[in-house]
Each structure stands twice: as C-alpha cells, then as structure tokens.
Amino acid sequence: MALFTHENRQKSDRNRRIYAAYEIAHTCVDFTAAICFLVGSILFFWKEYETAAIWLFVIGSVFFCMKPTLRLAREIHLWRAGKVDELARQIGEA
C-alpha cells in the first residue's frame, strides 16, 4: 500500500474514521493559523500592539507548518492500518 493514494482512505471503516479525524485536526489547525494571521494583521494598525502582532504571526506560522506534518502523519497512520488489516487477513487464512 503506497502513501498518499486515495484508495487508502476508503479501504475500511477504520481507515475512514482515521481519515476523518485527521481532516478535522487539519481544519482546526488551518482556522487557528488563519485567525492568528488575521488578528496579527489588524494589530499592526496600532504601534503599541506591534509585538503582539509579531507573536501572532510566529504562532500562525507554526500552525501552518503543522499542516503538512498532519498530512504525513495521517498517511503513515492509514498505511499502518492497512498493514495490520493485511496481517490479520493472512492469520485468518492460515
């Protein structure tokens, strides 16, 4: 089973649940990053909030870095689930 293939998401109910959980996490990370950037951008209108704005940009950047990390973790999780299912199937045939 290769990584980043659409078929991995639909192989079983377990895989569908794994995929859905990671999609929810990915969406939450996306919203958090976007909100940090939006609020940070607004704070730049006032000089006294410049440091807070910079920190929000840094935090938003960390969240944006988490997005590909979540995708890779999801694919590895799906790959491992497929390997376990394959092993269980082989044991059942023996």
# chains A, B, ... in the order shown; residues from 1 in each chain; ligands from 1
>>> residues_around(residues="Asp30 in chain A", least_positions_apart="6", cutoff="12 Å", atoms="only C-alpha atoms", output="number ranges by chain")
A: 23-24, 36-37, 60-68, 70
>>> residues_around(residues="Ala52 in chain A", least_positions_apart="2", cutoff="12 Å", atoms="only C-alpha atoms", output="list in words")
Cys36, Phe37, Val39, Gly40, Ser41, Ile42, Leu43, Phe44, Phe45, Trp46, Lys47, Glu48, Tyr49, Glu50, Ile54, Trp55, Leu56, Phe57, Val58 and Ile59 of chain A
>>> residues_around(residues="Tyr19 in chain A", least_positions_apart="3", cutoff="12 Å", atoms="only C-alpha atoms", output="list in words")
Phe4, His6, Glu7, Asn8, Arg9, Gln10, Lys11, Ser12, Asp13, Arg14, Asn15, Arg16, Tyr22, Glu23, Ile24, Ala25, His26, Leu70, Arg71, Leu72, Ala73, Arg74, Glu75, Ile76, His77, Leu78, Trp79 and Ala81 of chain A
>>> write_last_selection(atoms="N, CA and C atoms", output="short mmCIF file (atom, residue, chain, number, x, y, z; two decimals), in the first residue's frame")
data_model
loop_
_atom_site.label_atom_id
_atom_site.label_comp_id
_atom_site.auth_asym_id
_atom_site.auth_seq_id
_atom_site.Cartn_x
_atom_site.Cartn_y
_atom_site.Cartn_z
N PHE A 4 -0.19 8.37 0.27
CA PHE A 4 -0.86 9.43 -0.48
C PHE A 4 -1.68 8.91 -1.67
N HIS A 6 -5.56 7.77 -2.81
CA HIS A 6 -6.95 7.96 -2.40
C HIS A 6 -7.59 6.66 -1.90
N GLU A 7 -7.19 5.55 -2.46
CA GLU A 7 -7.78 4.27 -2.08
C GLU A 7 -7.55 3.92 -0.61
N ASN A 8 -6.44 4.39 -0.04
CA ASN A 8 -6.14 4.10 1.37
C ASN A 8 -7.21 4.64 2.31
N ARG A 9 -7.87 5.72 1.90
CA ARG A 9 -8.87 6.35 2.76
C ARG A 9 -10.15 5.55 2.84
N GLN A 10 -10.40 4.72 1.85
CA GLN A 10 -11.69 4.03 1.74
C GLN A 10 -11.59 2.52 1.96
N LYS A 11 -10.43 2.01 2.36
CA LYS A 11 -10.25 0.56 2.47
C LYS A 11 -11.14 -0.10 3.52
N SER A 12 -11.43 0.61 4.59
CA SER A 12 -12.24 0.03 5.66
C SER A 12 -12.89 1.15 6.46
N ASP A 13 -13.80 0.75 7.34
CA ASP A 13 -14.42 1.75 8.24
C ASP A 13 -13.35 2.41 9.12
N ARG A 14 -12.41 1.60 9.56
CA ARG A 14 -11.32 2.12 10.40
C ARG A 14 -10.54 3.20 9.65
N ASN A 15 -10.21 2.94 8.39
CA ASN A 15 -9.48 3.93 7.59
C ASN A 15 -10.30 5.19 7.38
N ARG A 16 -11.59 5.05 7.17
CA ARG A 16 -12.45 6.22 7.00
C ARG A 16 -12.49 7.06 8.27
N TYR A 22 -8.20 13.05 11.10
CA TYR A 22 -7.11 13.91 10.65
C TYR A 22 -7.62 15.12 9.87
N GLU A 23 -8.69 14.95 9.11
CA GLU A 23 -9.26 16.09 8.39
C GLU A 23 -9.80 17.14 9.36
N ILE A 24 -10.42 16.69 10.45
CA ILE A 24 -10.91 17.62 11.47
C ILE A 24 -9.73 18.36 12.10
N ALA A 25 -8.67 17.63 12.44
CA ALA A 25 -7.48 18.26 13.03
C ALA A 25 -6.86 19.25 12.05
N HIS A 26 -6.77 18.86 10.78
CA HIS A 26 -6.19 19.73 9.76
C HIS A 26 -7.00 21.02 9.62
N LEU A 70 0.65 17.00 9.72
CA LEU A 70 -0.58 16.23 9.93
C LEU A 70 -0.89 15.34 8.74
N ARG A 71 -0.69 15.85 7.54
CA ARG A 71 -0.96 15.05 6.34
C ARG A 71 -0.06 13.83 6.29
N LEU A 72 1.23 14.03 6.58
CA LEU A 72 2.15 12.90 6.57
C LEU A 72 1.79 11.91 7.67
N ALA A 73 1.48 12.39 8.87
CA ALA A 73 1.09 11.51 9.97
C ALA A 73 -0.16 10.71 9.60
N ARG A 74 -1.13 11.37 8.95
CA ARG A 74 -2.35 10.68 8.52
C ARG A 74 -2.03 9.56 7.54
N GLU A 75 -1.18 9.83 6.58
CA GLU A 75 -0.85 8.82 5.58
C GLU A 75 -0.10 7.64 6.20
N ILE A 76 0.80 7.92 7.12
CA ILE A 76 1.51 6.84 7.81
C ILE A 76 0.53 6.02 8.65
N HIS A 77 -0.40 6.69 9.32
CA HIS A 77 -1.41 6.02 10.13
C HIS A 77 -2.27 5.11 9.24
N LEU A 78 -2.71 5.62 8.10
CA LEU A 78 -3.50 4.81 7.18
C LEU A 78 -2.69 3.64 6.65
N TRP A 79 -1.43 3.88 6.35
CA TRP A 79 -0.56 2.81 5.84
C TRP A 79 -0.41 1.70 6.88
N ALA A 81 -2.48 1.04 9.34
CA ALA A 81 -3.77 0.37 9.50
C ALA A 81 -3.95 -0.68 8.40
#
>>> atom_distance(atom1="CA of Ala2 in chain A", atom2="CA of Thr69 in chain A")
17.5 Å
>>> atom_distance(atom1="CA of Leu38 in chain A", atom2="CA of Ala20 in chain A")
26.8 Å
>>> atom_distance(atom1="CA of Val29 in chain A", atom2="CA of Arg17 in chain A")
18.5 Å
>>> decode(residues="range 24-65 of chain A", atoms="N, CA and C atoms", output="PDB file, in the first residue's frame")
ATOM      1  N   ILE A  24     -10.420  16.689  10.449  1.00  0.00           N
ATOM      2  CA  ILE A  24     -10.908  17.623  11.466  1.00  0.00           C
ATOM      3  C   ILE A  24      -9.726  18.364  12.099  1.00  0.00           C
ATOM      4  N   ALA A  25      -8.671  17.627  12.443  1.00  0.00           N
ATOM      5  CA  ALA A  25      -7.481  18.256  13.031  1.00  0.00           C
ATOM      6  C   ALA A  25      -6.861  19.249  12.048  1.00  0.00           C
ATOM      7  N   HIS A  26      -6.773  18.865  10.785  1.00  0.00           N
ATOM      8  CA  HIS A  26      -6.190  19.731   9.764  1.00  0.00           C
ATOM      9  C   HIS A  26      -7.002  21.018   9.618  1.00  0.00           C
ATOM     10  N   THR A  27      -8.315  20.899   9.628  1.00  0.00           N
ATOM     11  CA  THR A  27      -9.183  22.072   9.512  1.00  0.00           C
ATOM     12  C   THR A  27      -9.034  22.983  10.728  1.00  0.00           C
ATOM     13  N   CYS A  28      -8.952  22.410  11.920  1.00  0.00           N
ATOM     14  CA  CYS A  28      -8.755  23.220  13.136  1.00  0.00           C
ATOM     15  C   CYS A  28      -7.424  23.967  13.085  1.00  0.00           C
ATOM     16  N   VAL A  29      -6.383  23.295  12.646  1.00  0.00           N
ATOM     17  CA  VAL A  29      -5.066  23.935  12.519  1.00  0.00           C
ATOM     18  C   VAL A  29      -5.136  25.057  11.489  1.00  0.00           C
ATOM     19  N   ASP A  30      -5.811  24.805  10.384  1.00  0.00           N
ATOM     20  CA  ASP A  30      -5.965  25.813   9.331  1.00  0.00           C
ATOM     21  C   ASP A  30      -6.673  27.066   9.859  1.00  0.00           C
ATOM     22  N   PHE A  31      -7.791  26.869  10.555  1.00  0.00           N
ATOM     23  CA  PHE A  31      -8.529  28.008  11.112  1.00  0.00           C
ATOM     24  C   PHE A  31      -7.691  28.764  12.140  1.00  0.00           C
ATOM     25  N   THR A  32      -6.990  28.047  13.004  1.00  0.00           N
ATOM     26  CA  THR A  32      -6.173  28.697  14.023  1.00  0.00           C
ATOM     27  C   THR A  32      -5.080  29.548  13.386  1.00  0.00           C
ATOM     28  N   ALA A  33      -4.417  28.999  12.376  1.00  0.00           N
ATOM     29  CA  ALA A  33      -3.375  29.759  11.684  1.00  0.00           C
ATOM     30  C   ALA A  33      -3.962  30.998  11.020  1.00  0.00           C
ATOM     31  N   ALA A  34      -5.090  30.834  10.356  1.00  0.00           N
ATOM     32  CA  ALA A  34      -5.714  31.965   9.663  1.00  0.00           C
ATOM     33  C   ALA A  34      -6.143  33.051  10.651  1.00  0.00           C
ATOM     34  N   ILE A  35      -6.706  32.650  11.774  1.00  0.00           N
ATOM     35  CA  ILE A  35      -7.140  33.623  12.780  1.00  0.00           C
ATOM     36  C   ILE A  35      -5.936  34.366  13.362  1.00  0.00           C
ATOM     37  N   CYS A  36      -4.845  33.637  13.621  1.00  0.00           N
ATOM     38  CA  CYS A  36      -3.629  34.292  14.130  1.00  0.00           C
ATOM     39  C   CYS A  36      -3.137  35.348  13.140  1.00  0.00           C
ATOM     40  N   PHE A  37      -3.126  35.007  11.865  1.00  0.00           N
ATOM     41  CA  PHE A  37      -2.666  35.968  10.861  1.00  0.00           C
ATOM     42  C   PHE A  37      -3.628  37.142  10.719  1.00  0.00           C
ATOM     43  N   LEU A  38      -4.909  36.869  10.771  1.00  0.00           N
ATOM     44  CA  LEU A  38      -5.892  37.949  10.649  1.00  0.00           C
ATOM     45  C   LEU A  38      -5.782  38.929  11.826  1.00  0.00           C
ATOM     46  N   VAL A  39      -5.788  38.388  13.041  1.00  0.00           N
ATOM     47  CA  VAL A  39      -5.698  39.244  14.227  1.00  0.00           C
ATOM     48  C   VAL A  39      -4.351  39.968  14.252  1.00  0.00           C
ATOM     49  N   GLY A  40      -3.280  39.242  13.901  1.00  0.00           N
ATOM     50  CA  GLY A  40      -1.959  39.868  13.847  1.00  0.00           C
ATOM     51  C   GLY A  40      -1.924  41.018  12.856  1.00  0.00           C
ATOM     52  N   SER A  41      -2.550  40.829  11.708  1.00  0.00           N
ATOM     53  CA  SER A  41      -2.598  41.900  10.699  1.00  0.00           C
ATOM     54  C   SER A  41      -3.350  43.117  11.213  1.00  0.00           C
ATOM     55  N   ILE A  42      -4.438  42.890  11.888  1.00  0.00           N
ATOM     56  CA  ILE A  42      -5.228  44.003  12.439  1.00  0.00           C
ATOM     57  C   ILE A  42      -4.434  44.743  13.510  1.00  0.00           C
ATOM     58  N   LEU A  43      -3.711  43.989  14.350  1.00  0.00           N
ATOM     59  CA  LEU A  43      -2.943  44.615  15.433  1.00  0.00           C
ATOM     60  C   LEU A  43      -1.831  45.527  14.919  1.00  0.00           C
ATOM     61  N   PHE A  44      -1.376  45.306  13.694  1.00  0.00           N
ATOM     62  CA  PHE A  44      -0.327  46.158  13.134  1.00  0.00           C
ATOM     63  C   PHE A  44      -0.806  47.590  12.875  1.00  0.00           C
ATOM     64  N   PHE A  45      -2.097  47.844  12.964  1.00  0.00           N
ATOM     65  CA  PHE A  45      -2.597  49.209  12.804  1.00  0.00           C
ATOM     66  C   PHE A  45      -2.212  50.092  13.991  1.00  0.00           C
ATOM     67  N   TRP A  46      -1.896  49.504  15.128  1.00  0.00           N
ATOM     68  CA  TRP A  46      -1.529  50.261  16.322  1.00  0.00           C
ATOM     69  C   TRP A  46      -0.103  49.902  16.733  1.00  0.00           C
ATOM     70  N   LYS A  47       0.722  50.894  16.858  1.00  0.00           N
ATOM     71  CA  LYS A  47       2.143  50.700  17.163  1.00  0.00           C
ATOM     72  C   LYS A  47       2.349  49.942  18.483  1.00  0.00           C
ATOM     73  N   GLU A  48       1.517  50.218  19.488  1.00  0.00           N
ATOM     74  CA  GLU A  48       1.704  49.577  20.800  1.00  0.00           C
ATOM     75  C   GLU A  48       1.406  48.069  20.774  1.00  0.00           C
ATOM     76  N   TYR A  49       0.737  47.591  19.736  1.00  0.00           N
ATOM     77  CA  TYR A  49       0.417  46.160  19.627  1.00  0.00           C
ATOM     78  C   TYR A  49       1.314  45.422  18.633  1.00  0.00           C
ATOM     79  N   GLU A  50       2.371  46.089  18.187  1.00  0.00           N
ATOM     80  CA  GLU A  50       3.244  45.502  17.179  1.00  0.00           C
ATOM     81  C   GLU A  50       3.884  44.195  17.647  1.00  0.00           C
ATOM     82  N   THR A  51       4.342  44.162  18.897  1.00  0.00           N
ATOM     83  CA  THR A  51       4.971  42.933  19.412  1.00  0.00           C
ATOM     84  C   THR A  51       3.964  41.787  19.463  1.00  0.00           C
ATOM     85  N   ALA A  52       2.757  42.059  19.906  1.00  0.00           N
ATOM     86  CA  ALA A  52       1.714  41.022  19.925  1.00  0.00           C
ATOM     87  C   ALA A  52       1.418  40.536  18.505  1.00  0.00           C
ATOM     88  N   ALA A  53       1.403  41.459  17.562  1.00  0.00           N
ATOM     89  CA  ALA A  53       1.145  41.089  16.166  1.00  0.00           C
ATOM     90  C   ALA A  53       2.242  40.174  15.643  1.00  0.00           C
ATOM     91  N   ILE A  54       3.493  40.506  15.965  1.00  0.00           N
ATOM     92  CA  ILE A  54       4.615  39.665  15.527  1.00  0.00           C
ATOM     93  C   ILE A  54       4.482  38.267  16.108  1.00  0.00           C
ATOM     94  N   TRP A  55       4.142  38.185  17.393  1.00  0.00           N
ATOM     95  CA  TRP A  55       3.974  36.874  18.019  1.00  0.00           C
ATOM     96  C   TRP A  55       2.840  36.078  17.366  1.00  0.00           C
ATOM     97  N   LEU A  56       1.767  36.746  17.021  1.00  0.00           N
ATOM     98  CA  LEU A  56       0.674  36.042  16.350  1.00  0.00           C
ATOM     99  C   LEU A  56       1.104  35.512  14.976  1.00  0.00           C
ATOM    100  N   PHE A  57       1.944  36.260  14.291  1.00  0.00           N
ATOM    101  CA  PHE A  57       2.465  35.778  13.014  1.00  0.00           C
ATOM    102  C   PHE A  57       3.358  34.551  13.214  1.00  0.00           C
ATOM    103  N   VAL A  58       4.173  34.577  14.252  1.00  0.00           N
ATOM    104  CA  VAL A  58       5.029  33.421  14.547  1.00  0.00           C
ATOM    105  C   VAL A  58       4.175  32.205  14.898  1.00  0.00           C
ATOM    106  N   ILE A  59       3.179  32.400  15.755  1.00  0.00           N
ATOM    107  CA  ILE A  59       2.289  31.299  16.140  1.00  0.00           C
ATOM    108  C   ILE A  59       1.522  30.778  14.928  1.00  0.00           C
ATOM    109  N   GLY A  60       1.019  31.692  14.109  1.00  0.00           N
ATOM    110  CA  GLY A  60       0.321  31.282  12.881  1.00  0.00           C
ATOM    111  C   GLY A  60       1.229  30.492  11.961  1.00  0.00           C
ATOM    112  N   SER A  61       2.491  30.895  11.869  1.00  0.00           N
ATOM    113  CA  SER A  61       3.454  30.176  11.030  1.00  0.00           C
ATOM    114  C   SER A  61       3.691  28.762  11.545  1.00  0.00           C
ATOM    115  N   VAL A  62       3.758  28.608  12.863  1.00  0.00           N
ATOM    116  CA  VAL A  62       3.912  27.267  13.450  1.00  0.00           C
ATOM    117  C   VAL A  62       2.717  26.393  13.069  1.00  0.00           C
ATOM    118  N   PHE A  63       1.520  26.960  13.161  1.00  0.00           N
ATOM    119  CA  PHE A  63       0.334  26.198  12.788  1.00  0.00           C
ATOM    120  C   PHE A  63       0.340  25.844  11.305  1.00  0.00           C
ATOM    121  N   PHE A  64       0.790  26.753  10.450  1.00  0.00           N
ATOM    122  CA  PHE A  64       0.883  26.429   9.024  1.00  0.00           C
ATOM    123  C   PHE A  64       1.899  25.318   8.782  1.00  0.00           C
ATOM    124  N   CYS A  65       2.966  25.261   9.578  1.00  0.00           N
ATOM    125  CA  CYS A  65       3.946  24.173   9.464  1.00  0.00           C
ATOM    126  C   CYS A  65       3.361  22.834   9.915  1.00  0.00           C
TER     127      CYS A  65
END
